[in-house]
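Structure record follows, encoded as structure tokens.
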Amino acid sequence: MAAKLDSGGGGKYHVEANSEINVTPFVDIMLVLLIIFMVAAPLATVSVEVKLPRAVAPPAQNPPKPIFISIQNDGDVYIGDFKTDVGSMGSELTTQIGRRNPADERIFIRADQQTRYGDFMQVMNALQDNGFYSVALVGEDTSTE
């Protein structure tokens with residue numbers, strides 16, 4: 001903000017606020033940007049003419065729905081929202097994934113913080129026995145942004 005000094009009044013200065021907007025720097029910056037864009041725009045276009053071949057790639061498939069296994073603190077095991085036991089978990093997972101390769105599937109495990117280590121290891125062993133080797137452990141994100 002600009003100030004105007006008035007020299008009247010016996011050597012003492014009186015400061016008065018200048019309320020006019022100075023747009024000259026703004027106009028200067030806009031003109032420089034305009035010149036930059038006018039010079040850069042022709043460089044962004046390709047001037048060599050090329051006949052491109054048609055793309056006949058099949059459309060990409062949607063990724064499969066993730067599979068969550070939940071282990072409660074009392075040892076109950078769920079695949080998604082449906083309760084199961086460790087013995088039949090492998091066959092139920094194989095039914096869910098269909099013809100896909102179990103080794104390529106990622107299984108997400110959610111376990112209660114009070115879950116016994118033995119219950120967790122039974123689930124892990126059942127997954128490995130049935131060919132599910134890619135396992136991700138799900139935890140609660142406590143970071144604040």
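Here, A, B, ... name the chains of the structure tokens in the order displayed, residue numbers run from 1 inside each chain, and ligands are numbered from 1 in the same displayed order.
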- Would you give me, as a ChimeraX atom specification, the residues in range 9-145 of chain A that DSSP reads as strand (DSSP E)? /A:14-17,67-71,77-79,82-84,106-111,134-138
Next, write the just-selected residues to a file, as a tab-separated table (two decimals), in the first residue's frame, keeping C-alpha atoms as the atom set.
```tsv
chain	number	residue	atom	x	y	z
A	14	HIS	CA	1.70	13.91	7.89
A	15	VAL	CA	1.21	10.37	6.54
A	16	GLU	CA	-1.92	9.87	4.47
A	17	ALA	CA	-3.00	6.49	3.00
A	67	ILE	CA	-11.22	-60.51	-1.17
A	68	PHE	CA	-11.18	-59.73	2.54
A	69	ILE	CA	-10.76	-62.31	5.27
A	70	SER	CA	-11.72	-61.09	8.74
A	71	ILE	CA	-10.61	-62.77	11.97
A	77	VAL	CA	-13.26	-66.36	10.40
A	78	TYR	CA	-15.23	-64.52	7.70
A	79	ILE	CA	-14.73	-64.32	3.94
A	82	PHE	CA	-19.98	-64.69	5.37
A	83	LYS	CA	-18.79	-66.80	8.26
A	84	THR	CA	-16.62	-69.82	7.43
A	106	ARG	CA	-4.13	-60.84	-3.35
A	107	ILE	CA	-6.00	-61.68	-0.18
A	108	PHE	CA	-6.54	-58.93	2.40
A	109	ILE	CA	-6.58	-60.08	6.03
A	110	ARG	CA	-8.27	-58.00	8.71
A	111	ALA	CA	-7.70	-59.27	12.23
A	134	SER	CA	-0.04	-62.97	-1.96
A	135	VAL	CA	-1.40	-61.71	1.35
A	136	ALA	CA	-1.85	-58.14	2.55
A	137	LEU	CA	-2.48	-57.23	6.17
A	138	VAL	CA	-4.99	-54.45	6.76
```
- Message: For the helix (DSSP H, G or I) assignment from backbone DSSP, which residues of range 25-63 of chain A qualify? Please present them as a VMD selection string.
- Response: chain A and resid 25 to 44
- Provide the CA of Asn130 in chain A to CA of Gln114 in chain A distance in Å, to one decimal place. 26.1 Å
Where does range 35-103 of chain A meet range 116-122 of chain A within 10 Å, residue by residue, with the nearest atom pair and distance in Å to one decimal for each, counting only C-alpha atoms, listed by chain and rising number, as a Markdown table?
```
| residue | atom | partner | partner_atom | distance |
| --- | --- | --- | --- | --- |
| A:Ser70 | CA | A:Phe120 | CA | 9.9 |
| A:Ile71 | CA | A:Phe120 | CA | 7.4 |
| A:Gln72 | CA | A:Arg116 | CA | 9.4 |
| A:Asn73 | CA | A:Arg116 | CA | 7.1 |
| A:Asp74 | CA | A:Arg116 | CA | 8.3 |
| A:Gly75 | CA | A:Asp119 | CA | 5.9 |
| A:Asp76 | CA | A:Asp119 | CA | 8.8 |
| A:Val77 | CA | A:Asp119 | CA | 9.0 |
| A:Val86 | CA | A:Gln122 | CA | 7.0 |
| A:Gly87 | CA | A:Gln122 | CA | 9.4 |
```
- Point-to-point distance from CA of Gly90 in chain A to CA of Ala103 in chain A, Å rounded to tenths: 12.6 Å
- For Gln113 in chain A, which of A:Gly131, A:Pro25, A:Gly98, A:Gly139 is the closest residue, counting only C-alpha atoms?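 Among A:Gly131, A:Pro25, A:Gly98, A:Gly139, it is A:Gly139 that comes nearest to Gln113 in chain A.
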- Minimum-distance residue to Met89 in chain A, chosen among A:Asp129, A:Asp104, A:Glu140, A:Glu20 (using only C-alpha atoms): A:Asp129
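Taking CA of Lys65 in chain A and CA of Ile97 in chain A as endpoints, the distance between them is 9.2 Å.
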